[in-house]
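Pasting data-v2.tsv here (TSV, C-alpha atoms):
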chain	number	residue	atom	x	y	z
G	1	MET	CA	0.00	0.00	0.00
G	2	SER	CA	1.48	3.33	-1.00
G	3	ARG	CA	2.01	6.18	1.42
G	4	SER	CA	-0.20	8.56	-0.61
G	5	ALA	CA	-3.10	6.09	-0.57
G	6	PHE	CA	-2.95	6.07	3.23
G	7	LEU	CA	-2.10	9.72	3.84
G	8	GLY	CA	-4.49	11.21	1.25
G	9	PRO	CA	-7.79	10.30	2.97
G	10	ILE	CA	-6.39	11.37	6.34
G	11	LEU	CA	-5.47	14.80	4.97
G	12	ILE	CA	-8.90	15.13	3.35
G	13	LEU	CA	-10.64	14.29	6.64
G	14	LEU	CA	-8.45	16.73	8.52
G	15	GLY	CA	-9.17	19.50	5.98
G	16	ILE	CA	-12.94	18.88	6.12
G	17	PHE	CA	-12.78	18.92	9.90
G	18	MET	CA	-10.87	22.19	9.97
G	19	PHE	CA	-13.30	23.73	7.49
G	20	LEU	CA	-16.35	22.69	9.50
G	21	LYS	CA	-15.10	23.37	13.01
G	22	GLY	CA	-13.42	26.68	12.26
G	23	GLU	CA	-11.57	27.89	15.35
G	24	VAL	CA	-10.54	24.57	16.89
G	25	THR	CA	-6.90	24.48	17.93
G	26	PHE	CA	-5.13	21.27	17.07
G	27	SER	CA	-3.28	19.19	19.58
G	28	THR	CA	-2.81	15.50	20.12
G	29	GLY	CA	-5.80	15.49	22.44
G	30	THR	CA	-8.01	17.19	19.86
G	31	ILE	CA	-7.09	14.67	17.19
G	32	PHE	CA	-7.84	11.75	19.52
G	33	GLU	CA	-11.04	13.45	20.68
G	34	TYR	CA	-12.53	13.88	17.22
G	35	PHE	CA	-10.92	11.07	15.21
G	36	TRP	CA	-10.86	8.13	17.63
G	37	PRO	CA	-13.22	6.09	15.38
G	38	THR	CA	-10.92	6.55	12.38
G	39	LEU	CA	-7.84	5.81	14.43
G	40	PHE	CA	-9.06	2.78	16.39
G	41	VAL	CA	-12.44	1.32	15.34
G	42	ILE	CA	-12.40	1.52	11.54
G	43	PRO	CA	-8.88	-0.01	11.19
G	44	VAL	CA	-9.95	-3.05	13.23
G	45	GLY	CA	-12.96	-3.51	10.91
G	46	VAL	CA	-10.70	-3.18	7.87
G	47	PHE	CA	-8.29	-5.66	9.47
G	48	PHE	CA	-11.04	-8.31	9.73
G	49	HIS	CA	-11.90	-7.81	6.06
G	50	TRP	CA	-8.23	-7.98	5.06
G	51	LEU	CA	-7.92	-11.13	7.15
G	52	TYR	CA	-10.84	-12.79	5.34
G	53	PHE	CA	-9.96	-11.78	1.79
G	54	PHE	CA	-6.17	-12.07	1.82
G	55	ILE	CA	-4.94	-14.24	4.71
G	56	LEU	CA	-7.72	-16.80	5.10
G	57	GLN	CA	-8.33	-16.92	1.32
G	58	ARG	CA	-12.13	-16.61	1.80
G	59	ARG	CA	-12.33	-19.61	4.12
G	60	GLY	CA	-13.26	-18.06	7.49
G	61	VAL	CA	-16.44	-16.17	6.63
G	62	GLY	CA	-17.21	-15.66	10.32
G	63	VAL	CA	-14.59	-12.91	10.63
G	64	LEU	CA	-16.73	-10.72	8.37
G	65	VAL	CA	-19.44	-10.37	11.04
G	66	PRO	CA	-17.29	-8.41	13.52
G	67	GLY	CA	-15.55	-6.75	10.56
G	68	GLY	CA	-18.81	-5.41	9.16
G	69	ILE	CA	-20.08	-4.39	12.59
G	70	LEU	CA	-16.88	-2.54	13.49
G	71	LEU	CA	-16.52	-0.86	10.11
G	72	THR	CA	-20.12	0.41	10.11
G	73	THR	CA	-19.94	1.39	13.78
G	74	GLY	CA	-16.72	3.29	13.10
G	75	VAL	CA	-18.32	5.25	10.27
G	76	VAL	CA	-21.39	6.03	12.41
G	77	CYS	CA	-19.21	7.17	15.32
G	78	GLN	CA	-16.96	9.26	13.07
G	79	ILE	CA	-19.90	11.09	11.50
G	80	SER	CA	-21.40	11.59	14.96
G	81	MET	CA	-18.14	13.00	16.32
G	82	LEU	CA	-17.54	15.38	13.42
G	83	PHE	CA	-21.04	16.83	13.29
G	84	ASP	CA	-22.08	16.24	16.94
G	85	ILE	CA	-25.25	14.40	15.92
G	86	TRP	CA	-25.25	11.43	18.25
G	87	HIS	CA	-28.96	11.98	18.82
G	88	LEU	CA	-29.60	11.27	15.13
G	89	MET	CA	-26.98	8.61	14.40
G	90	TRP	CA	-27.74	6.05	17.12
G	91	PRO	CA	-29.87	3.85	14.78
G	92	GLY	CA	-26.64	3.25	12.86
G	93	PHE	CA	-25.62	0.81	15.57
G	94	MET	CA	-28.55	-1.44	14.63
G	95	LEU	CA	-27.56	-1.03	11.00
G	96	ALA	CA	-24.02	-2.10	11.89
G	97	VAL	CA	-25.25	-5.48	13.12
G	98	ALA	CA	-27.34	-5.85	9.96
G	99	ALA	CA	-24.24	-5.05	7.85
G	100	GLY	CA	-22.17	-7.69	9.62
G	101	LEU	CA	-24.88	-10.31	9.20
G	102	PHE	CA	-25.36	-9.31	5.56
G	103	GLU	CA	-21.68	-9.92	4.86
G	104	LEU	CA	-22.05	-13.35	6.45
G	105	TYR	CA	-25.04	-13.99	4.19
G	106	TRP	CA	-23.40	-12.63	1.02
G	107	PHE	CA	-20.01	-14.30	1.33
G	108	GLY	CA	-21.19	-17.36	3.25
G	109	GLY	CA	-23.55	-20.05	2.09
G	110	ARG	CA	-26.40	-17.60	1.40
G	111	ASN	CA	-28.48	-18.96	4.26
G	112	LYS	CA	-31.93	-17.48	3.61
G	113	TRP	CA	-32.76	-17.48	7.34
G	114	LEU	CA	-30.17	-14.76	7.90
G	115	LEU	CA	-32.33	-12.41	5.85
G	116	ILE	CA	-34.94	-12.27	8.62
G	117	PRO	CA	-32.78	-10.51	11.25
G	118	ILE	CA	-31.00	-8.51	8.52
G	119	ASN	CA	-34.28	-7.12	7.22
G	120	ILE	CA	-35.74	-6.49	10.68
G	121	LEU	CA	-32.65	-4.59	11.84
G	122	THR	CA	-32.37	-2.64	8.58
G	123	VAL	CA	-36.04	-1.60	8.58
G	124	MET	CA	-35.89	-0.60	12.26
G	125	SER	CA	-32.73	1.40	11.68
G	126	VAL	CA	-34.09	3.23	8.62
G	127	LEU	CA	-37.39	3.86	10.43
G	128	PHE	CA	-35.66	5.33	13.48
G	129	PHE	CA	-33.33	7.39	11.26
G	130	ALA	CA	-36.38	8.83	9.48
G	131	ILE	CA	-38.39	9.48	12.65
G	132	PHE	CA	-35.61	11.18	14.56
G	133	SER	CA	-34.34	13.12	11.53
G	134	ILE	CA	-37.79	14.46	10.72
G	135	GLY	CA	-38.41	15.20	14.40
G	136	SER	CA	-35.13	17.07	14.66
G	137	LEU	CA	-35.89	18.99	11.48
G	138	PHE	CA	-39.33	20.05	12.73
G	139	SER	CA	-38.04	21.01	16.15
G	140	GLY	CA	-35.33	23.10	14.50
G	141	ILE	CA	-37.80	24.85	12.20
G	142	PHE	CA	-40.61	25.39	14.68
G	143	HIS	CA	-38.64	25.72	17.90
G	144	ASN	CA	-40.39	28.21	20.22
G	145	GLN	CA	-42.34	29.70	17.36
G	146	PRO	CA	-46.05	30.22	17.85
G	147	ILE	CA	-46.50	30.29	14.07
G	148	PHE	CA	-46.82	26.51	13.90
G	149	ALA	CA	-49.42	26.54	16.68
G	150	VAL	CA	-51.39	29.26	14.91
G	151	VAL	CA	-51.28	27.29	11.64
G	152	LEU	CA	-52.60	24.18	13.41
G	153	ILE	CA	-55.43	26.18	15.05
G	154	VAL	CA	-56.40	27.82	11.75
G	155	ALA	CA	-56.31	24.47	9.93
G	156	GLY	CA	-58.46	22.87	12.61
G	157	LEU	CA	-60.99	25.73	12.50
G	158	ALA	CA	-61.06	25.59	8.71
G	159	LEU	CA	-61.79	21.87	8.79
G	160	MET	CA	-64.56	22.39	11.32
G	161	PHE	CA	-66.24	25.17	9.35
G	162	MET	CA	-65.88	23.32	6.03
G	163	ARG	CA	-67.52	20.29	7.59
G	164	GLY	CA	-70.27	22.46	9.01
G	165	ARG	CA	-71.10	23.90	5.56
G	166	GLU	CA	-71.12	20.46	3.94
G	167	THR	CA	-73.60	19.04	6.50
G	168	SER	CA	-75.88	22.11	6.36
G	169	LYS	CA	-76.41	21.76	2.59
G	170	TYR	CA	-78.24	18.49	3.00
For this file, write the structure as structure tokens.
Amino acid sequence: MSRSAFLGPILILLGIFMFLKGEVTFSTGTIFEYFWPTLFVIPVGVFFHWLYFFILQRRGVGVLVPGGILLTTGVVCQISMLFDIWHLMWPGFMLAVAAGLFELYWFGGRNKWLLIPINILTVMSVLFFAIFSIGSLFSGIFHNQPIFAVVLIVAGLALMFMRGRETSKY
């Protein structure tokens, strides 16, 4: 593996971080604070994949389960650390288990019974992502604003009066 292939993504991540965070001073503690998933969790997930594909010559499919879980968990934790959105990213941990099991299904014997927990975990994760993302979006838009309450009251009154006119015609 060449040095530029390893150093390039690290420099890109560091540049994106500096762009987004603005006035953060860099020290060893800051790098460990924000990039611990990239430094510790993601490499272990990549190691399990490397182990399966290159060392075990595709014979020990079981190492892909922790590899997929750790790789997905590392990505979820890194995104959460960079953008401080732990409250939105927690369903990614369910998705991580589904990813590990999916790799076992895909590269293993394609046991159809594995699809049951994979689909349940994936649907739950996507559902929770959607619910909490939409909830966070609405709370950000309508936070402490009486406009939304007024709109709901007007809509409710309009529905009541429209219904009243429809029933009085008959």
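Selecting by distance to (-14.8, 10.6, 15.2) with a limit of 6 Å and using only C-alpha atoms, one obtains G:Tyr34, G:Phe35, G:Trp36, G:Pro37, G:Cys77, G:Gln78, G:Met81, G:Leu82.
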Please list as JSON, numbers by chain every residue within 8 Å of Val65 (chain G), counting all atoms listed in the file and excluding residues in the same chain fewer than 2 positions away. {"G": [61, 62, 63, 67, 68, 69, 97, 99, 100, 101, 103, 104]}
Centre and size of axis-aligned box enclosing region 114-132 of chain G plus 6 Å each side, as lines of an AutoDock Vina configuration file:
center_x = -34.3
center_y = -1.8
center_z = 10.2
size_x = 20.2
size_y = 37.9
size_z = 20.7
What are the nearest atom pairs, with distances in Å to one decimal, for all residues of region 47-89 of chain G that come at most 12 Å from region 124-138 of chain G, using only C-alpha atoms, set out by chain and rising residue number as JSON lines?
{"residue": "G:Ile85", "atom": "CA", "partner": "G:Ser133", "partner_atom": "CA", "distance": 10.2}
{"residue": "G:Trp86", "atom": "CA", "partner": "G:Phe132", "partner_atom": "CA", "distance": 11.0}
{"residue": "G:His87", "atom": "CA", "partner": "G:Phe132", "partner_atom": "CA", "distance": 7.9}
{"residue": "G:Leu88", "atom": "CA", "partner": "G:Phe132", "partner_atom": "CA", "distance": 6.0}
{"residue": "G:Met89", "atom": "CA", "partner": "G:Phe129", "partner_atom": "CA", "distance": 7.2}
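Using all atoms listed in the file, the residues found no farther than 9 Å from Leu51 (chain G), other than those of its own chain fewer than 5 positions away, are Val46, Leu56, Gln57, Arg58, Gly60, Val63 and Leu64 of chain G.
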Pairwise distance, CA of Leu121 (chain G) with CA of Phe102 (chain G), equals 10.7 Å
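Closest approach to Ile120 (chain G) from the set G:Ile79, G:Ala98, G:Thr30, G:Ala155 is made by G:Ala98, with distances taken over all atoms listed in the file.
Taking CA of Arg110 (chain G) as the reference point, CA of Trp90 (chain G) is found at 28.4 Å.
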Distance in Å - CA of Gly74 (chain G) versus CA of Pro43 (chain G): 8.7 Å
